[in-house]
file final-v4.pdb (PDB, C-alpha atoms)
MODEL        1
ATOM      1  CA  MET A   1     114.530 -33.914  26.589
ATOM      2  CA  LEU A   2     115.132 -31.780  29.674
ATOM      3  CA  THR A   3     112.346 -29.393  28.669
ATOM      4  CA  LEU A   4     109.961 -32.325  28.192
ATOM      5  CA  PHE A   5     111.074 -33.839  31.503
ATOM      6  CA  LEU A   6     110.391 -30.608  33.388
ATOM      7  CA  ALA A   7     107.001 -30.048  31.755
ATOM      8  CA  ILE A   8     105.723 -33.624  32.029
ATOM      9  CA  TYR A   9     106.797 -34.336  35.599
ATOM     10  CA  ALA A  10     105.730 -30.917  36.878
ATOM     11  CA  GLY A  11     102.385 -31.476  35.140
ATOM     12  CA  LEU A  12     101.993 -34.929  36.689
ATOM     13  CA  ILE A  13     102.368 -33.324  40.101
ATOM     14  CA  ALA A  14     100.361 -30.173  39.362
ATOM     15  CA  VAL A  15      97.186 -31.765  37.953
ATOM     16  CA  PRO A  16      96.250 -34.084  40.855
ATOM     17  CA  LEU A  17      97.440 -31.525  43.397
ATOM     18  CA  GLY A  18      95.348 -28.837  41.690
ATOM     19  CA  ILE A  19      92.258 -31.069  41.789
ATOM     20  CA  LEU A  20      92.737 -31.745  45.506
ATOM     21  CA  LEU A  21      93.243 -28.026  46.183
ATOM     22  CA  ALA A  22      90.083 -27.167  44.252
ATOM     23  CA  LEU A  23      88.103 -29.702  46.270
ATOM     24  CA  GLY A  24      89.732 -28.423  49.452
ATOM     25  CA  ARG A  25      88.779 -24.829  48.660
ATOM     26  CA  ARG A  26      85.145 -25.913  48.345
ATOM     27  CA  SER A  27      85.273 -28.114  51.432
ATOM     28  CA  ARG A  28      82.830 -27.577  54.280
ATOM     29  CA  LEU A  29      85.625 -28.160  56.796
ATOM     30  CA  PRO A  30      87.056 -24.728  57.735
ATOM     31  CA  LEU A  31      90.596 -25.968  58.380
ATOM     32  CA  ILE A  32      90.901 -27.729  55.011
ATOM     33  CA  ARG A  33      89.326 -24.802  53.204
ATOM     34  CA  PHE A  34      91.635 -22.305  54.925
ATOM     35  CA  ALA A  35      94.764 -24.375  54.195
ATOM     36  CA  SER A  36      93.785 -24.717  50.527
ATOM     37  CA  VAL A  37      93.108 -21.002  50.152
ATOM     38  CA  VAL A  38      96.435 -20.086  51.777
ATOM     39  CA  PHE A  39      98.349 -22.510  49.528
ATOM     40  CA  ILE A  40      96.636 -21.310  46.347
ATOM     41  CA  GLU A  41      96.923 -17.600  47.066
ATOM     42  CA  PHE A  42     100.533 -17.859  48.211
ATOM     43  CA  TRP A  43     101.805 -19.717  45.148
ATOM     44  CA  ARG A  44      99.718 -17.613  42.760
ATOM     45  CA  GLY A  45     101.183 -14.459  44.253
ATOM     46  CA  VAL A  46     104.861 -15.448  43.979
ATOM     47  CA  PRO A  47     106.662 -15.021  40.625
ATOM     48  CA  ILE A  48     107.768 -18.341  39.176
ATOM     49  CA  ILE A  49     111.304 -17.070  38.656
ATOM     50  CA  THR A  50     111.518 -16.331  42.396
ATOM     51  CA  VAL A  51     110.233 -19.804  43.264
ATOM     52  CA  ILE A  52     112.838 -21.508  41.076
ATOM     53  CA  PHE A  53     115.612 -19.299  42.412
ATOM     54  CA  LEU A  54     114.724 -19.886  46.065
ATOM     55  CA  ALA A  55     114.103 -23.621  45.561
ATOM     56  CA  SER A  56     117.532 -24.031  43.990
ATOM     57  CA  LEU A  57     119.610 -21.763  46.233
ATOM     58  CA  LEU A  58     117.780 -21.196  49.521
ATOM     59  CA  LEU A  59     116.280 -24.641  50.137
ATOM     60  CA  PRO A  60     119.643 -26.437  50.543
ATOM     61  CA  LEU A  61     120.575 -23.935  53.277
ATOM     62  CA  ILE A  62     117.578 -24.814  55.459
ATOM     63  CA  MET A  63     117.633 -28.579  54.911
ATOM     64  CA  PRO A  64     119.123 -30.863  57.612
ATOM     65  CA  THR A  65     122.771 -31.777  57.284
ATOM     66  CA  GLY A  66     123.289 -34.752  55.006
ATOM     67  CA  PHE A  67     119.853 -34.382  53.385
ATOM     68  CA  ASN A  68     120.015 -33.210  49.807
ATOM     69  CA  VAL A  69     117.416 -32.875  47.063
ATOM     70  CA  ASP A  70     118.577 -32.904  43.464
ATOM     71  CA  ARG A  71     118.600 -29.454  41.859
ATOM     72  CA  LEU A  72     116.455 -30.622  38.961
ATOM     73  CA  ALA A  73     113.901 -32.123  41.359
ATOM     74  CA  ARG A  74     113.721 -28.826  43.245
ATOM     75  CA  ALA A  75     112.981 -26.986  39.991
ATOM     76  CA  VAL A  76     110.270 -29.509  39.077
ATOM     77  CA  ILE A  77     108.602 -29.199  42.489
ATOM     78  CA  GLY A  78     108.750 -25.404  42.394
ATOM     79  CA  LEU A  79     107.139 -25.286  38.957
ATOM     80  CA  ALA A  80     104.544 -27.872  39.977
ATOM     81  CA  PHE A  81     103.414 -25.963  43.067
ATOM     82  CA  VAL A  82     102.892 -22.716  41.150
ATOM     83  CA  ILE A  83     101.020 -24.377  38.275
ATOM     84  CA  ALA A  84      98.960 -26.467  40.744
ATOM     85  CA  ALA A  85      97.641 -23.239  42.269
ATOM     86  CA  TYR A  86      96.477 -22.053  38.851
ATOM     87  CA  MET A  87      95.122 -25.506  37.984
ATOM     88  CA  ALA A  88      93.100 -25.437  41.198
ATOM     89  CA  GLU A  89      91.335 -22.257  40.137
ATOM     90  CA  ALA A  90      90.606 -23.725  36.701
ATOM     91  CA  VAL A  91      89.106 -26.869  38.257
ATOM     92  CA  ARG A  92      87.179 -24.785  40.789
ATOM     93  CA  GLY A  93      85.593 -22.902  37.898
ATOM     94  CA  GLY A  94      84.476 -26.236  36.437
ATOM     95  CA  LEU A  95      83.064 -27.343  39.781
ATOM     96  CA  GLN A  96      81.123 -24.120  40.203
ATOM     97  CA  ALA A  97      79.608 -24.501  36.743
ATOM     98  CA  LEU A  98      77.843 -27.721  37.772
ATOM     99  CA  PRO A  99      74.413 -27.492  39.419
ATOM    100  CA  ASP A 100      74.355 -28.556  43.061
ATOM    101  CA  GLY A 101      71.457 -30.872  42.333
ATOM    102  CA  GLN A 102      73.710 -33.514  40.785
ATOM    103  CA  ALA A 103      75.772 -33.998  43.946
ATOM    104  CA  GLU A 104      72.628 -33.888  46.071
ATOM    105  CA  ALA A 105      70.959 -36.534  43.888
ATOM    106  CA  SER A 106      73.972 -38.849  44.142
ATOM    107  CA  GLN A 107      74.019 -38.474  47.917
ATOM    108  CA  ALA A 108      70.308 -39.254  48.013
ATOM    109  CA  LEU A 109      71.118 -42.497  46.171
ATOM    110  CA  GLY A 110      73.581 -43.421  48.926
ATOM    111  CA  LEU A 111      76.852 -42.481  47.271
ATOM    112  CA  GLY A 112      79.500 -41.098  49.599
ATOM    113  CA  TYR A 113      81.473 -37.892  49.043
ATOM    114  CA  TRP A 114      84.446 -39.452  47.275
ATOM    115  CA  ARG A 115      82.338 -41.697  45.034
ATOM    116  CA  THR A 116      80.182 -38.716  44.123
ATOM    117  CA  MET A 117      83.256 -36.705  43.211
ATOM    118  CA  ARG A 118      84.931 -39.546  41.307
ATOM    119  CA  LEU A 119      81.917 -40.811  39.356
ATOM    120  CA  ILE A 120      79.691 -37.787  38.841
ATOM    121  CA  VAL A 121      81.133 -34.380  39.689
ATOM    122  CA  LEU A 122      84.801 -34.469  38.644
ATOM    123  CA  PRO A 123      84.321 -36.013  35.167
ATOM    124  CA  GLN A 124      81.950 -33.191  34.232
ATOM    125  CA  ALA A 125      83.952 -30.465  35.979
ATOM    126  CA  LEU A 126      87.190 -31.519  34.295
ATOM    127  CA  ARG A 127      85.460 -31.539  30.914
ATOM    128  CA  ILE A 128      84.390 -27.937  31.490
ATOM    129  CA  ALA A 129      87.804 -26.942  32.839
ATOM    130  CA  LEU A 130      89.800 -28.679  30.083
ATOM    131  CA  PRO A 131      90.499 -25.528  27.989
ATOM    132  CA  ALA A 132      91.694 -23.593  31.031
ATOM    133  CA  MET A 133      93.805 -26.519  32.255
ATOM    134  CA  THR A 134      95.376 -26.873  28.809
ATOM    135  CA  ASN A 135      96.195 -23.180  28.871
ATOM    136  CA  GLU A 136      97.971 -23.624  32.219
ATOM    137  CA  PHE A 137      99.948 -26.582  30.892
ATOM    138  CA  ILE A 138     101.034 -24.529  27.882
ATOM    139  CA  ALA A 139     102.156 -21.815  30.303
ATOM    140  CA  LEU A 140     104.066 -24.466  32.261
ATOM    141  CA  PHE A 141     105.788 -25.690  29.104
ATOM    142  CA  LYS A 142     106.952 -22.176  28.264
ATOM    143  CA  ASN A 143     107.934 -21.382  31.852
ATOM    144  CA  THR A 144     110.422 -24.251  31.873
ATOM    145  CA  THR A 145     112.816 -21.809  30.223
ATOM    146  CA  LEU A 146     113.145 -20.029  33.583
ATOM    147  CA  VAL A 147     115.336 -22.834  34.956
ATOM    148  CA  LEU A 148     118.129 -21.226  32.966
ATOM    149  CA  ILE A 149     118.656 -18.764  35.847
ATOM    150  CA  VAL A 150     119.904 -21.614  38.048
ATOM    151  CA  SER A 151     122.191 -23.029  35.348
ATOM    152  CA  ILE A 152     119.910 -25.847  34.235
ATOM    153  CA  PHE A 153     120.244 -25.920  30.457
ATOM    154  CA  ASP A 154     116.934 -26.668  28.816
ATOM    155  CA  LEU A 155     116.172 -26.105  25.133
ATOM    156  CA  LEU A 156     116.592 -22.331  25.349
ATOM    157  CA  GLY A 157     119.754 -22.711  27.426
ATOM    158  CA  ILE A 158     121.315 -24.975  24.822
ATOM    159  CA  ALA A 159     120.281 -22.527  22.104
ATOM    160  CA  GLN A 160     122.153 -19.769  23.920
ATOM    161  CA  ALA A 161     125.161 -21.998  24.494
ATOM    162  CA  VAL A 162     125.590 -22.879  20.826
ATOM    163  CA  LEU A 163     125.809 -19.195  19.926
ATOM    164  CA  ALA A 164     129.385 -19.324  21.212
ATOM    165  CA  ASP A 165     130.165 -21.252  18.007
ATOM    166  CA  PRO A 166     130.976 -18.684  15.272
ATOM    167  CA  ALA A 167     129.437 -21.022  12.687
ATOM    168  CA  TRP A 168     125.988 -20.040  13.999
ATOM    169  CA  VAL A 169     124.259 -16.830  13.036
ATOM    170  CA  ASP A 170     122.963 -15.000  16.107
ATOM    171  CA  MET A 171     119.254 -15.496  15.371
ATOM    172  CA  GLU A 172     119.329 -19.062  14.038
ATOM    173  CA  ALA A 173     119.301 -20.798  17.405
ATOM    174  CA  TYR A 174     116.554 -18.568  18.805
ATOM    175  CA  VAL A 175     114.360 -19.012  15.738
ATOM    176  CA  PHE A 176     114.836 -22.779  15.904
ATOM    177  CA  ALA A 177     114.013 -22.921  19.637
ATOM    178  CA  GLY A 178     111.050 -20.585  19.158
ATOM    179  CA  ALA A 179     109.700 -22.778  16.367
ATOM    180  CA  ILE A 180     109.866 -25.863  18.591
ATOM    181  CA  TYR A 181     108.007 -24.076  21.389
ATOM    182  CA  TRP A 182     105.396 -22.717  18.985
ATOM    183  CA  PHE A 183     104.676 -26.068  17.323
ATOM    184  CA  SER A 184     104.524 -27.808  20.701
ATOM    185  CA  CYS A 185     102.113 -25.259  22.164
ATOM    186  CA  PHE A 186     100.019 -25.201  18.985
ATOM    187  CA  GLY A 187      99.837 -29.001  19.074
ATOM    188  CA  LEU A 188      98.631 -28.942  22.682
ATOM    189  CA  SER A 189      96.009 -26.340  21.796
ATOM    190  CA  GLN A 190      94.718 -28.403  18.863
ATOM    191  CA  TRP A 191      94.651 -31.558  20.977
ATOM    192  CA  SER A 192      92.588 -29.720  23.575
ATOM    193  CA  ARG A 193      90.087 -28.539  20.961
ATOM    194  CA  LEU A 194      89.774 -32.036  19.505
ATOM    195  CA  LYS A 195      89.340 -33.577  22.947
ATOM    196  CA  GLU A 196      86.741 -30.966  23.858
ATOM    197  CA  LYS A 197      84.707 -31.727  20.723
ATOM    198  CA  ARG A 198      84.819 -35.463  21.436
ATOM    199  CA  LEU A 199      83.692 -34.942  25.013
ATOM    200  CA  GLN A 200      80.876 -32.677  23.885
ATOM    201  CA  ALA A 201      79.736 -35.351  21.452
ATOM    202  CA  ALA A 202      79.934 -38.006  24.164
ATOM    203  CA  TYR A 203      77.822 -35.883  26.500
ATOM    204  CA  GLY A 204      75.285 -34.995  23.850
ATOM    205  CA  GLY A 205      76.670 -31.533  23.146
ATOM    206  CA  ARG A 206      76.093 -30.292  26.698
TER     207      ARG A 206
ENDMDL
END

call {"tool": "encode", "arguments": {"input": "final-v4.pdb", "output": "structure tokens"}}
result
Amino acid sequence: MLTLFLAIYAGLIAVPLGILLALGRRSRLPLIRFASVVFIEFWRGVPIITVIFLASLLLPLIMPTGFNVDRLARAVIGLAFVIAAYMAEAVRGGLQALPDGQAEASQALGLGYWRTMRLIVLPQALRIALPAMTNEFIALFKNTTLVLIVSIFDLLGIAQAVLADPAWVDMEAYVFAGAIYWFSCFGLSQWSRLKEKRLQAAYGGR
């Protein structure tokens, strides 16, 4: 349950944040574009294990006295920020694949920027970016195991803990945990392929 909690809540933060960062990186406003680029490049360049470690141990030292953020929440936010940076690049690839004429046509019809993005551009861009976004979510699901370094026991942490029981053979717990991760990731991959085929059919195979 802890592994699912980390993956789902980090994903719920990372996806919308990644979309906003992708739009910000393509913005015509220099300040927004610069801030988005700095955020994306910073979090893409920092190892996830370092982010989790610093979020869990360094952040409480710089917070005001009496203000505390739960350790699990810090791990979720750290994971979400890193994956959001990668999600942003996946969405940006989808946005770049669309011809500029579609946005220009919608603006000629009187649609504003946000309505153009919401109704015309983003639905198509996200359809194109779906395989890459699924790949990032699979990476997020597997990277939840890194919270073990700050003593948060996810699936892999529990598997290691049960090895203290002599009734377990050394490899049993790892094989069991690995099988759960493999089936979960394979299921996500198959769902993505099925969703992609349905979207292609809905859009006439384009």

call {"tool": "resolve_selection", "arguments": {"input": "final-v4.pdb", "expression": "the PyMOL selection byres ((chain A and resi 90) around 10)", "output": "compact mmCIF listing (two decimals) with C-alpha atoms, in the frame of the given file"}}
result
# COMPACT_ATOMS: atom_id res chain seq x y z
CA GLY A 18 95.35 -28.84 41.69
CA ILE A 19 92.26 -31.07 41.79
CA ALA A 22 90.08 -27.17 44.25
CA ALA A 84 98.96 -26.47 40.74
CA ALA A 85 97.64 -23.24 42.27
CA TYR A 86 96.48 -22.05 38.85
CA MET A 87 95.12 -25.51 37.98
CA ALA A 88 93.10 -25.44 41.20
CA GLU A 89 91.34 -22.26 40.14
CA VAL A 91 89.11 -26.87 38.26
CA ARG A 92 87.18 -24.78 40.79
CA GLY A 93 85.59 -22.90 37.90
CA GLY A 94 84.48 -26.24 36.44
CA LEU A 95 83.06 -27.34 39.78
CA ALA A 125 83.95 -30.46 35.98
CA LEU A 126 87.19 -31.52 34.30
CA ILE A 128 84.39 -27.94 31.49
CA ALA A 129 87.80 -26.94 32.84
CA LEU A 130 89.80 -28.68 30.08
CA PRO A 131 90.50 -25.53 27.99
CA ALA A 132 91.69 -23.59 31.03
CA MET A 133 93.80 -26.52 32.26
CA THR A 134 95.38 -26.87 28.81
CA ASN A 135 96.20 -23.18 28.87
CA GLU A 136 97.97 -23.62 32.22

call {"tool": "atom_distance", "arguments": {"input": "final-v4.pdb", "atom1": "atom CA of Glu104 of chain A", "atom2": "atom CA of Thr116 of chain A"}}
result
9.2 Å

call {"tool": "closest_residue", "arguments": {"input": "final-v4.pdb", "among": "A:Ile77, A:Ala55, A:Leu163, A:Ile32", "to": "Leu12 of chain A", "atoms": "all atoms listed in the file"}}
result
A:Ile77

call {"tool": "closest_residue", "arguments": {"input": "final-v4.pdb", "among": "A:Leu148, A:Leu2, A:Ile138, A:Phe34", "to": "Ser189 of chain A", "atoms": "only C-alpha atoms"}}
result
A:Ile138

call {"tool": "closest_residue", "arguments": {"input": "final-v4.pdb", "among": "A:Ile149, A:Ile158, A:Ile13, A:Ala105", "to": "Leu54 of chain A", "atoms": "all atoms listed in the file"}}
result
A:Ile149

call {"tool": "atom_distance", "arguments": {"input": "final-v4.pdb", "atom1": "atom CA of Arg44 of chain A", "atom2": "atom CA of Ile83 of chain A"}}
result
8.2 Å

call {"tool": "resolve_selection", "arguments": {"input": "final-v4.pdb", "expression": "the PyMOL selection byres ((chain A and resi 43) around 9)", "output": "MDAnalysis selection string"}}
result
chainID A and resid 38:42 44:48 51 81:86

call {"tool": "atom_distance", "arguments": {"input": "final-v4.pdb", "atom1": "atom CA of Met1 of chain A", "atom2": "atom CA of Phe153 of chain A"}}
result
10.6 Å

call {"tool": "residues_near_point", "arguments": {"input": "final-v4.pdb", "point": "(110.4, -29.8, 36.8)", "cutoff": "7 Å", "atoms": "all atoms listed in the file", "output": "CSV table (one decimal) with C-alpha atoms, in the frame of the given file"}}
result
chain,number,residue,atom,x,y,z
A,5,PHE,CA,111.1,-33.8,31.5
A,6,LEU,CA,110.4,-30.6,33.4
A,7,ALA,CA,107.0,-30.0,31.8
A,9,TYR,CA,106.8,-34.3,35.6
A,10,ALA,CA,105.7,-30.9,36.9
A,72,LEU,CA,116.5,-30.6,39.0
A,73,ALA,CA,113.9,-32.1,41.4
A,75,ALA,CA,113.0,-27.0,40.0
A,76,VAL,CA,110.3,-29.5,39.1
A,77,ILE,CA,108.6,-29.2,42.5
A,79,LEU,CA,107.1,-25.3,39.0
A,80,ALA,CA,104.5,-27.9,40.0

call {"tool": "resolve_selection", "arguments": {"input": "final-v4.pdb", "expression": "the PyMOL selection byres ((chain A and resi 181-187) around 12)", "output": "MDAnalysis selection string"}}
result
chainID A and resid 3:4 7 134:145 154:156 174:180 188:194

call {"tool": "write_last_selection", "arguments": {"input": "final-v4.pdb", "atoms": "C-alpha atoms", "output": "compact mmCIF listing (two decimals), in the coordinates of the input"}}
result
# COMPACT_ATOMS: atom_id res chain seq x y z
CA THR A 3 112.35 -29.39 28.67
CA LEU A 4 109.96 -32.33 28.19
CA ALA A 7 107.00 -30.05 31.76
CA THR A 134 95.38 -26.87 28.81
CA ASN A 135 96.20 -23.18 28.87
CA GLU A 136 97.97 -23.62 32.22
CA PHE A 137 99.95 -26.58 30.89
CA ILE A 138 101.03 -24.53 27.88
CA ALA A 139 102.16 -21.82 30.30
CA LEU A 140 104.07 -24.47 32.26
CA PHE A 141 105.79 -25.69 29.10
CA LYS A 142 106.95 -22.18 28.26
CA ASN A 143 107.93 -21.38 31.85
CA THR A 144 110.42 -24.25 31.87
CA THR A 145 112.82 -21.81 30.22
CA ASP A 154 116.93 -26.67 28.82
CA LEU A 155 116.17 -26.10 25.13
CA LEU A 156 116.59 -22.33 25.35
CA TYR A 174 116.55 -18.57 18.80
CA VAL A 175 114.36 -19.01 15.74
CA PHE A 176 114.84 -22.78 15.90
CA ALA A 177 114.01 -22.92 19.64
CA GLY A 178 111.05 -20.58 19.16
CA ALA A 179 109.70 -22.78 16.37
CA ILE A 180 109.87 -25.86 18.59
CA LEU A 188 98.63 -28.94 22.68
CA SER A 189 96.01 -26.34 21.80
CA GLN A 190 94.72 -28.40 18.86
CA TRP A 191 94.65 -31.56 20.98
CA SER A 192 92.59 -29.72 23.58
CA ARG A 193 90.09 -28.54 20.96
CA LEU A 194 89.77 -32.04 19.50
